[in-house]
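Source file protein_26.txt; content: compact mmCIF, N, CA and C atoms.
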```
# COMPACT_ATOMS: atom_id res chain seq x y z
N MET A 1 4.50 -15.14 -1.64
CA MET A 1 4.49 -14.27 -0.50
C MET A 1 4.85 -12.86 -0.98
N VAL A 2 4.18 -11.86 -0.43
CA VAL A 2 4.45 -10.46 -0.77
C VAL A 2 4.78 -9.70 0.51
N PRO A 3 6.05 -9.31 0.69
CA PRO A 3 6.42 -8.49 1.84
C PRO A 3 5.80 -7.09 1.71
N PHE A 4 5.38 -6.50 2.84
CA PHE A 4 4.77 -5.17 2.83
C PHE A 4 5.79 -4.05 2.72
N LYS A 5 7.05 -4.34 2.98
CA LYS A 5 8.11 -3.31 2.88
C LYS A 5 9.03 -3.65 1.71
N ALA A 6 9.59 -2.61 1.11
CA ALA A 6 10.41 -2.77 -0.10
C ALA A 6 11.84 -3.23 0.24
N TYR A 7 12.50 -3.79 -0.78
CA TYR A 7 13.92 -4.12 -0.72
C TYR A 7 14.69 -2.92 -1.28
N HIS A 8 15.93 -2.73 -0.82
CA HIS A 8 16.69 -1.54 -1.18
C HIS A 8 17.94 -1.89 -1.99
N SER A 9 18.32 -0.96 -2.87
CA SER A 9 19.62 -1.02 -3.54
C SER A 9 20.11 0.42 -3.69
N TYR A 10 21.43 0.59 -3.79
CA TYR A 10 22.03 1.91 -3.82
C TYR A 10 23.03 2.00 -4.96
N ALA A 11 23.09 3.17 -5.59
CA ALA A 11 24.01 3.39 -6.70
C ALA A 11 24.46 4.85 -6.70
N LYS A 12 25.48 5.12 -7.50
CA LYS A 12 25.97 6.49 -7.66
C LYS A 12 25.04 7.21 -8.63
N GLY A 13 24.63 8.41 -8.26
CA GLY A 13 23.78 9.23 -9.11
C GLY A 13 24.31 10.65 -9.10
N SER A 14 23.60 11.56 -9.73
CA SER A 14 24.01 12.96 -9.72
C SER A 14 22.78 13.85 -9.56
N ASP A 15 22.99 15.01 -8.90
CA ASP A 15 21.89 15.96 -8.73
C ASP A 15 21.88 16.94 -9.90
N ALA A 16 21.03 17.95 -9.85
CA ALA A 16 20.89 18.92 -10.94
C ALA A 16 22.17 19.69 -11.21
N SER A 17 23.03 19.83 -10.20
CA SER A 17 24.30 20.55 -10.36
C SER A 17 25.43 19.65 -10.84
N GLY A 18 25.18 18.36 -10.96
CA GLY A 18 26.20 17.42 -11.40
C GLY A 18 27.02 16.83 -10.26
N ASN A 19 26.64 17.12 -9.01
CA ASN A 19 27.35 16.56 -7.86
C ASN A 19 26.99 15.09 -7.67
N ALA A 20 27.97 14.29 -7.27
CA ALA A 20 27.73 12.85 -7.03
C ALA A 20 26.91 12.68 -5.77
N ILE A 21 25.82 11.94 -5.88
CA ILE A 21 24.95 11.67 -4.73
C ILE A 21 24.65 10.18 -4.65
N VAL A 22 24.06 9.76 -3.53
CA VAL A 22 23.63 8.39 -3.33
C VAL A 22 22.20 8.26 -3.85
N GLN A 23 22.00 7.36 -4.79
CA GLN A 23 20.67 7.12 -5.34
C GLN A 23 20.13 5.81 -4.76
N GLU A 24 18.93 5.88 -4.18
CA GLU A 24 18.30 4.70 -3.58
C GLU A 24 17.19 4.20 -4.49
N THR A 25 17.13 2.89 -4.70
CA THR A 25 16.05 2.26 -5.45
C THR A 25 15.35 1.27 -4.53
N THR A 26 14.03 1.38 -4.48
CA THR A 26 13.25 0.43 -3.69
C THR A 26 12.46 -0.46 -4.64
N THR A 27 12.39 -1.75 -4.30
CA THR A 27 11.74 -2.74 -5.15
C THR A 27 10.79 -3.59 -4.32
N TYR A 28 9.54 -3.69 -4.78
CA TYR A 28 8.60 -4.64 -4.20
C TYR A 28 8.60 -5.88 -5.08
N VAL A 29 8.57 -7.05 -4.47
CA VAL A 29 8.69 -8.28 -5.24
C VAL A 29 7.80 -9.37 -4.63
N VAL A 30 7.30 -10.24 -5.49
CA VAL A 30 6.59 -11.44 -5.05
C VAL A 30 7.63 -12.54 -4.90
N VAL A 31 7.70 -13.14 -3.73
CA VAL A 31 8.68 -14.19 -3.46
C VAL A 31 7.97 -15.55 -3.54
N PRO A 32 8.29 -16.36 -4.57
CA PRO A 32 7.68 -17.69 -4.63
C PRO A 32 8.19 -18.55 -3.47
N MET A 33 7.25 -19.22 -2.79
CA MET A 33 7.60 -19.99 -1.60
C MET A 33 6.90 -21.34 -1.58
N ALA A 34 7.52 -22.26 -0.89
CA ALA A 34 6.88 -23.53 -0.55
C ALA A 34 6.62 -23.49 0.95
N PHE A 35 5.37 -23.75 1.35
CA PHE A 35 4.98 -23.67 2.75
C PHE A 35 4.70 -25.05 3.33
N VAL A 36 4.94 -25.17 4.63
CA VAL A 36 4.57 -26.35 5.40
C VAL A 36 3.65 -25.85 6.51
N ASN A 37 2.50 -26.50 6.66
CA ASN A 37 1.51 -26.09 7.65
C ASN A 37 1.36 -27.13 8.75
N TYR A 38 1.20 -26.66 9.98
CA TYR A 38 0.91 -27.53 11.12
C TYR A 38 -0.49 -27.14 11.62
N ARG A 39 -1.44 -28.04 11.51
CA ARG A 39 -2.83 -27.74 11.87
C ARG A 39 -2.98 -27.61 13.38
N VAL A 40 -3.57 -26.48 13.80
CA VAL A 40 -3.82 -26.19 15.20
C VAL A 40 -5.28 -26.48 15.55
N ALA A 41 -6.18 -26.10 14.64
CA ALA A 41 -7.61 -26.30 14.88
C ALA A 41 -8.33 -26.47 13.55
N GLU A 42 -9.44 -27.26 13.59
CA GLU A 42 -10.24 -27.46 12.40
C GLU A 42 -11.71 -27.48 12.81
N TRP A 43 -12.59 -26.89 11.99
CA TRP A 43 -14.01 -26.84 12.29
C TRP A 43 -14.80 -26.72 10.98
N PRO A 44 -16.08 -27.10 11.01
CA PRO A 44 -16.90 -26.99 9.81
C PRO A 44 -17.46 -25.58 9.64
N THR A 45 -17.44 -25.07 8.42
CA THR A 45 -18.05 -23.80 8.05
C THR A 45 -18.91 -24.06 6.82
N ARG A 46 -20.22 -23.95 6.98
CA ARG A 46 -21.15 -24.23 5.88
C ARG A 46 -20.89 -25.62 5.27
N LYS A 47 -20.70 -26.57 6.12
CA LYS A 47 -20.45 -27.97 5.74
C LYS A 47 -19.14 -28.18 4.97
N GLN A 48 -18.22 -27.22 5.07
CA GLN A 48 -16.90 -27.32 4.46
C GLN A 48 -15.85 -27.13 5.57
N ALA A 49 -14.68 -27.66 5.34
CA ALA A 49 -13.62 -27.61 6.36
C ALA A 49 -12.94 -26.24 6.39
N SER A 50 -12.82 -25.68 7.58
CA SER A 50 -12.00 -24.50 7.85
C SER A 50 -10.94 -24.92 8.84
N ALA A 51 -9.79 -24.28 8.78
CA ALA A 51 -8.71 -24.66 9.69
C ALA A 51 -7.77 -23.48 9.95
N PHE A 52 -7.08 -23.57 11.06
CA PHE A 52 -6.05 -22.61 11.44
C PHE A 52 -4.74 -23.37 11.54
N PHE A 53 -3.67 -22.81 10.94
CA PHE A 53 -2.37 -23.47 10.89
C PHE A 53 -1.26 -22.55 11.37
N PHE A 54 -0.20 -23.12 11.92
CA PHE A 54 1.09 -22.46 12.03
C PHE A 54 1.81 -22.79 10.73
N THR A 55 2.47 -21.80 10.14
CA THR A 55 3.05 -21.95 8.81
C THR A 55 4.51 -21.55 8.79
N GLY A 56 5.31 -22.31 8.04
CA GLY A 56 6.70 -21.97 7.78
C GLY A 56 6.96 -22.16 6.30
N GLY A 57 7.90 -21.42 5.76
CA GLY A 57 8.17 -21.55 4.33
C GLY A 57 9.59 -21.18 3.96
N VAL A 58 9.96 -21.55 2.74
CA VAL A 58 11.26 -21.21 2.18
C VAL A 58 11.07 -20.88 0.71
N GLY A 59 11.81 -19.89 0.22
CA GLY A 59 11.71 -19.49 -1.18
C GLY A 59 12.95 -18.72 -1.61
N VAL A 60 12.93 -18.25 -2.86
CA VAL A 60 14.06 -17.50 -3.40
C VAL A 60 13.56 -16.13 -3.85
N ASN A 61 14.21 -15.08 -3.38
CA ASN A 61 13.85 -13.70 -3.72
C ASN A 61 14.56 -13.32 -5.02
N SER A 62 13.80 -12.96 -6.05
CA SER A 62 14.40 -12.61 -7.34
C SER A 62 15.10 -11.26 -7.30
N SER A 63 14.77 -10.41 -6.34
CA SER A 63 15.39 -9.09 -6.23
C SER A 63 16.78 -9.17 -5.61
N THR A 64 16.91 -9.94 -4.54
CA THR A 64 18.20 -10.04 -3.84
C THR A 64 18.99 -11.28 -4.22
N LYS A 65 18.37 -12.20 -4.95
CA LYS A 65 18.99 -13.48 -5.35
C LYS A 65 19.40 -14.30 -4.13
N ALA A 66 18.63 -14.17 -3.06
CA ALA A 66 18.95 -14.86 -1.82
C ALA A 66 17.76 -15.69 -1.35
N VAL A 67 18.05 -16.65 -0.47
CA VAL A 67 17.02 -17.49 0.12
C VAL A 67 16.26 -16.68 1.16
N GLU A 68 14.93 -16.84 1.19
CA GLU A 68 14.08 -16.18 2.18
C GLU A 68 13.35 -17.25 2.98
N PHE A 69 13.04 -16.93 4.21
CA PHE A 69 12.27 -17.82 5.07
C PHE A 69 11.04 -17.07 5.54
N SER A 70 10.01 -17.81 5.95
CA SER A 70 8.82 -17.17 6.49
C SER A 70 8.26 -18.00 7.63
N ALA A 71 7.55 -17.32 8.52
CA ALA A 71 6.86 -17.98 9.62
C ALA A 71 5.64 -17.15 9.97
N GLY A 72 4.55 -17.83 10.33
CA GLY A 72 3.35 -17.09 10.68
C GLY A 72 2.15 -18.00 10.85
N ALA A 73 0.96 -17.44 10.55
CA ALA A 73 -0.30 -18.15 10.73
C ALA A 73 -1.09 -18.16 9.43
N THR A 74 -1.88 -19.22 9.24
CA THR A 74 -2.68 -19.38 8.04
C THR A 74 -4.11 -19.76 8.40
N TYR A 75 -5.07 -19.15 7.71
CA TYR A 75 -6.47 -19.56 7.80
C TYR A 75 -6.80 -20.22 6.47
N SER A 76 -7.44 -21.39 6.53
CA SER A 76 -7.78 -22.14 5.32
C SER A 76 -9.27 -22.45 5.30
N TYR A 77 -9.90 -22.22 4.16
CA TYR A 77 -11.28 -22.62 3.92
C TYR A 77 -11.25 -23.55 2.73
N ARG A 78 -11.67 -24.79 2.94
CA ARG A 78 -11.51 -25.84 1.94
C ARG A 78 -10.02 -25.95 1.62
N SER A 79 -9.58 -25.66 0.41
CA SER A 79 -8.15 -25.73 0.10
C SER A 79 -7.54 -24.35 -0.14
N PHE A 80 -8.35 -23.27 -0.04
CA PHE A 80 -7.87 -21.91 -0.23
C PHE A 80 -7.27 -21.41 1.08
N ALA A 81 -6.06 -20.88 1.05
CA ALA A 81 -5.37 -20.47 2.27
C ALA A 81 -4.88 -19.02 2.18
N VAL A 82 -5.05 -18.28 3.28
CA VAL A 82 -4.55 -16.91 3.40
C VAL A 82 -3.62 -16.88 4.60
N SER A 83 -2.40 -16.38 4.38
CA SER A 83 -1.39 -16.38 5.44
C SER A 83 -0.92 -14.98 5.78
N MET A 84 -0.74 -14.72 7.07
CA MET A 84 -0.07 -13.51 7.56
C MET A 84 1.26 -13.99 8.12
N LEU A 85 2.35 -13.47 7.54
CA LEU A 85 3.67 -14.04 7.81
C LEU A 85 4.69 -12.98 8.21
N PHE A 86 5.80 -13.46 8.71
CA PHE A 86 7.01 -12.66 8.88
C PHE A 86 8.00 -13.16 7.84
N ASP A 87 8.46 -12.26 6.98
CA ASP A 87 9.47 -12.58 5.96
C ASP A 87 10.84 -12.39 6.59
N ILE A 88 11.62 -13.44 6.64
CA ILE A 88 12.96 -13.40 7.24
C ILE A 88 13.94 -13.53 6.08
N GLY A 89 14.60 -12.42 5.74
CA GLY A 89 15.46 -12.43 4.57
C GLY A 89 16.52 -11.34 4.62
N ARG A 90 17.25 -11.24 3.52
CA ARG A 90 18.34 -10.28 3.42
C ARG A 90 17.91 -9.02 2.68
N ASP A 91 18.52 -7.91 3.06
CA ASP A 91 18.30 -6.64 2.38
C ASP A 91 19.63 -5.89 2.40
N THR A 92 19.73 -4.87 1.56
CA THR A 92 20.95 -4.07 1.46
C THR A 92 20.82 -2.84 2.33
N GLN A 93 21.87 -2.56 3.10
CA GLN A 93 21.90 -1.40 3.97
C GLN A 93 23.05 -0.49 3.54
N LEU A 94 22.78 0.80 3.53
CA LEU A 94 23.77 1.79 3.14
C LEU A 94 24.77 1.99 4.29
N GLY A 95 26.06 2.02 3.97
CA GLY A 95 27.09 2.17 4.98
C GLY A 95 27.83 3.49 4.86
N GLY A 96 28.90 3.63 5.58
CA GLY A 96 29.77 4.80 5.51
C GLY A 96 29.15 6.08 6.03
N GLY A 97 28.04 5.99 6.78
CA GLY A 97 27.39 7.20 7.30
C GLY A 97 26.66 7.99 6.23
N LEU A 98 26.47 7.41 5.05
CA LEU A 98 25.78 8.10 3.96
C LEU A 98 24.26 7.97 4.11
N THR A 99 23.55 8.89 3.47
CA THR A 99 22.09 8.86 3.46
C THR A 99 21.60 8.95 2.01
N PRO A 100 20.46 8.35 1.70
CA PRO A 100 19.92 8.44 0.34
C PRO A 100 19.68 9.90 -0.05
N GLY A 101 20.13 10.27 -1.24
CA GLY A 101 20.00 11.64 -1.72
C GLY A 101 21.11 12.55 -1.25
N GLY A 102 21.96 12.06 -0.34
CA GLY A 102 23.06 12.85 0.20
C GLY A 102 24.30 12.74 -0.67
N SER A 103 25.29 13.56 -0.38
CA SER A 103 26.55 13.58 -1.12
C SER A 103 27.28 12.25 -0.97
N LEU A 104 27.93 11.84 -2.06
CA LEU A 104 28.70 10.60 -2.05
C LEU A 104 30.05 10.80 -1.36
N GLY A 105 30.46 12.06 -1.21
CA GLY A 105 31.69 12.38 -0.50
C GLY A 105 32.92 11.75 -1.13
N LYS A 106 33.73 11.09 -0.33
CA LYS A 106 35.00 10.51 -0.78
C LYS A 106 34.84 9.19 -1.52
N TYR A 107 33.61 8.63 -1.55
CA TYR A 107 33.40 7.31 -2.15
C TYR A 107 33.12 7.40 -3.65
N SER A 108 33.64 6.42 -4.40
CA SER A 108 33.35 6.37 -5.84
C SER A 108 32.02 5.64 -6.09
N ALA A 109 31.61 4.81 -5.15
CA ALA A 109 30.32 4.11 -5.18
C ALA A 109 29.84 3.97 -3.74
N PRO A 110 28.54 3.94 -3.53
CA PRO A 110 28.05 3.83 -2.14
C PRO A 110 28.46 2.51 -1.50
N PRO A 111 29.05 2.56 -0.29
CA PRO A 111 29.37 1.32 0.43
C PRO A 111 28.09 0.70 1.00
N THR A 112 27.92 -0.58 0.80
CA THR A 112 26.72 -1.27 1.29
C THR A 112 27.09 -2.55 2.02
N THR A 113 26.18 -3.00 2.85
CA THR A 113 26.31 -4.29 3.52
C THR A 113 24.98 -5.03 3.38
N THR A 114 25.06 -6.34 3.39
CA THR A 114 23.86 -7.16 3.35
C THR A 114 23.53 -7.57 4.76
N THR A 115 22.29 -7.31 5.17
CA THR A 115 21.87 -7.62 6.54
C THR A 115 20.60 -8.48 6.53
N TRP A 116 20.43 -9.27 7.57
CA TRP A 116 19.21 -10.04 7.75
C TRP A 116 18.18 -9.13 8.40
N GLY A 117 16.92 -9.30 8.01
CA GLY A 117 15.85 -8.51 8.59
C GLY A 117 14.54 -9.27 8.57
N VAL A 118 13.56 -8.72 9.26
CA VAL A 118 12.23 -9.31 9.33
C VAL A 118 11.22 -8.27 8.85
N LYS A 119 10.37 -8.67 7.90
CA LYS A 119 9.35 -7.78 7.35
C LYS A 119 8.00 -8.47 7.42
N PRO A 120 6.92 -7.72 7.69
CA PRO A 120 5.59 -8.33 7.63
C PRO A 120 5.24 -8.66 6.18
N ALA A 121 4.49 -9.74 5.96
CA ALA A 121 4.15 -10.18 4.61
C ALA A 121 2.82 -10.92 4.62
N ALA A 122 2.27 -11.13 3.43
CA ALA A 122 1.04 -11.89 3.26
C ALA A 122 1.21 -12.85 2.10
N ALA A 123 0.41 -13.91 2.11
CA ALA A 123 0.44 -14.89 1.02
C ALA A 123 -0.95 -15.46 0.82
N VAL A 124 -1.24 -15.80 -0.42
CA VAL A 124 -2.46 -16.51 -0.78
C VAL A 124 -2.01 -17.76 -1.51
N SER A 125 -2.57 -18.91 -1.14
CA SER A 125 -2.12 -20.16 -1.74
C SER A 125 -3.23 -21.20 -1.75
N ILE A 126 -2.95 -22.29 -2.41
CA ILE A 126 -3.84 -23.44 -2.44
C ILE A 126 -3.16 -24.53 -1.61
N ARG A 127 -3.87 -25.04 -0.64
CA ARG A 127 -3.32 -26.05 0.27
C ARG A 127 -3.52 -27.44 -0.33
N ILE A 128 -2.44 -28.21 -0.39
CA ILE A 128 -2.49 -29.58 -0.89
C ILE A 128 -2.22 -30.51 0.28
N PRO A 129 -3.23 -31.24 0.76
CA PRO A 129 -3.00 -32.14 1.89
C PRO A 129 -2.09 -33.31 1.47
N LEU A 130 -1.14 -33.62 2.31
CA LEU A 130 -0.23 -34.74 2.06
C LEU A 130 -0.41 -35.77 3.16
N GLY A 131 -0.76 -36.97 2.77
CA GLY A 131 -0.88 -38.07 3.76
C GLY A 131 -2.12 -37.92 4.62
N GLY A 132 -2.32 -38.88 5.47
CA GLY A 132 -3.42 -38.86 6.41
C GLY A 132 -4.76 -39.25 5.80
N GLY A 133 -4.78 -39.55 4.51
CA GLY A 133 -6.03 -39.93 3.86
C GLY A 133 -6.34 -41.39 4.08
N SER A 134 -7.57 -41.75 3.90
CA SER A 134 -7.96 -43.15 4.02
C SER A 134 -8.56 -43.62 2.71
N SER A 135 -8.57 -44.90 2.51
CA SER A 135 -9.17 -45.46 1.31
C SER A 135 -10.06 -46.64 1.70
N THR A 136 -11.04 -46.89 0.90
CA THR A 136 -11.92 -48.02 1.17
C THR A 136 -11.87 -48.98 -0.02
N SER A 137 -11.98 -50.24 0.26
CA SER A 137 -11.97 -51.26 -0.81
C SER A 137 -13.33 -51.93 -0.86
N LYS A 138 -13.71 -52.37 -2.03
CA LYS A 138 -14.97 -53.10 -2.19
C LYS A 138 -14.73 -54.57 -2.35
```
Could I get this file's structure written as structure tokens?
Amino acid sequence: MVPFKAYHSYAKGSDASGNAIVQETTTYVVVPMAFVNYRVAEWPTRKQASAFFFTGGVGVNSSTKAVEFSAGATYSYRSFAVSMLFDIGRDTQLGGGLTPGGSLGKYSAPPTTTTWGVKPAAAVSIRIPLGGGSSTSK
């Protein structure tokens, strides 16, 4: 899954005059996820199966080292799946009334808090059907 908005981190930096400022770093990351799909509709497209699913997932974000969740919709053609999702995860928020690029003021390091948020995201995957198959014997 790839969220469309970046994750944030903050550190102490300095401007051209040597004054302490808040430095913001934004990171885009691919979040590996395992998805579960609930089929809503299925129809033939060029003699191959197409389907629409409600999708949920769980994964680990390498940037924040935290668990991420996702929910959304998936279109599948044969076993190829494209998902439009909401990424439900943690991000870092700057505290103390400070702004990125602004003076650090009385702080030796920028105060931060970890908050839950929702970001739009997309995913491309291969769908592996589990169960529901039939077999024939001779």
- Note on the structure: With distances taken over only N, CA and C atoms, the candidate from A:Gly95, A:Gly101, A:Gly89, A:Pro129 nearest Trp116 in chain A is A:Gly89
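The nearest approach to Asp87 in chain A among the residues A:Tyr28, A:Tyr38, A:Phe69, A:Tyr107, with all atoms listed in the file taken into account, belongs to A:Phe69.
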- Mind pulling up the distance from CA of Gly72 in chain A to CA of Ala49 in chain A? 20.4 Å
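If you measure from each of A:Thr55, A:Ser9, A:Thr99, A:Ser17 to Ala71 in chain A using all atoms listed in the file, the closest one turns out to be A:Thr55.
Proximity to Ala81 in chain A was assessed for A:Ala123, A:Ala11, A:Val36, A:Met1 counting all atoms listed in the file; the smallest distance is recorded for A:Ala123.
The residue that comes closest to Val124 in chain A, out of A:Val22, A:Leu104, A:Val2, A:Ala66 and on the basis of only C-alpha atoms, is A:Val2.
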First collect every listed atom of range 72-78 of chain A; then fit an axis-aligned box around them, widen it by 3 Å on each side, and give centre and edge lengths in Å to one decimal, as JSON.
```
{"center_x": -3.6, "center_y": -21.5, "center_z": 6.2, "size_x": 22.2, "size_y": 14.9, "size_z": 15.2}
```
- Task: Up to 8 Å from (28.4, 5.8, -3.7) in the file's coordinates: name the residues, counting all atoms listed in the file, as an MDAnalysis selection string.
- Result: chainID A and resid 10:13 20:23 103:112
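The residues that lie within 6.5 Å of the point (20.6, -4.8, 3.8), counting all atoms listed in the file, are Arg90, Asp91, Thr92, Gln93, Leu94, Thr113, Thr114, Thr115 and Trp116 of chain A.
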- Message: Could you tell me how far atom N of Ser70 in chain A sits from atom N of Ala41 in chain A, in Å to one decimal place?
- Response: 20.2 Å
- Item | d(CA of Tyr77 in chain A, atom N of Thr45 in chain A) in Å | 8.0 Å
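Of the residues listed (A:Gln48, A:Ser63, A:Val58, A:Phe53), A:Val58 shows the shortest atom-to-atom separation from Phe35 in chain A; distances use all atoms listed in the file.
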Considering only N, CA and C atoms, return as a compact mmCIF listing (two decimals) with N, CA and C atoms, keeping the file's coordinate frame whatever protein or nucleic-acid residues lie within 6.5 Å of Arg39 in chain A, sequence-local ones (same chain, fewer than 3 positions apart) excluded.
```txt
# COMPACT_ATOMS: atom_id res chain seq x y z
N GLU A 42 -9.44 -27.26 13.59
CA GLU A 42 -10.24 -27.46 12.40
C GLU A 42 -11.71 -27.48 12.81
N PHE A 52 -7.08 -23.57 11.06
CA PHE A 52 -6.05 -22.61 11.44
C PHE A 52 -4.74 -23.37 11.54
N PHE A 53 -3.67 -22.81 10.94
CA PHE A 53 -2.37 -23.47 10.89
C PHE A 53 -1.26 -22.55 11.37
N PHE A 54 -0.20 -23.12 11.92
CA PHE A 54 1.09 -22.46 12.03
C PHE A 54 1.81 -22.79 10.73
```
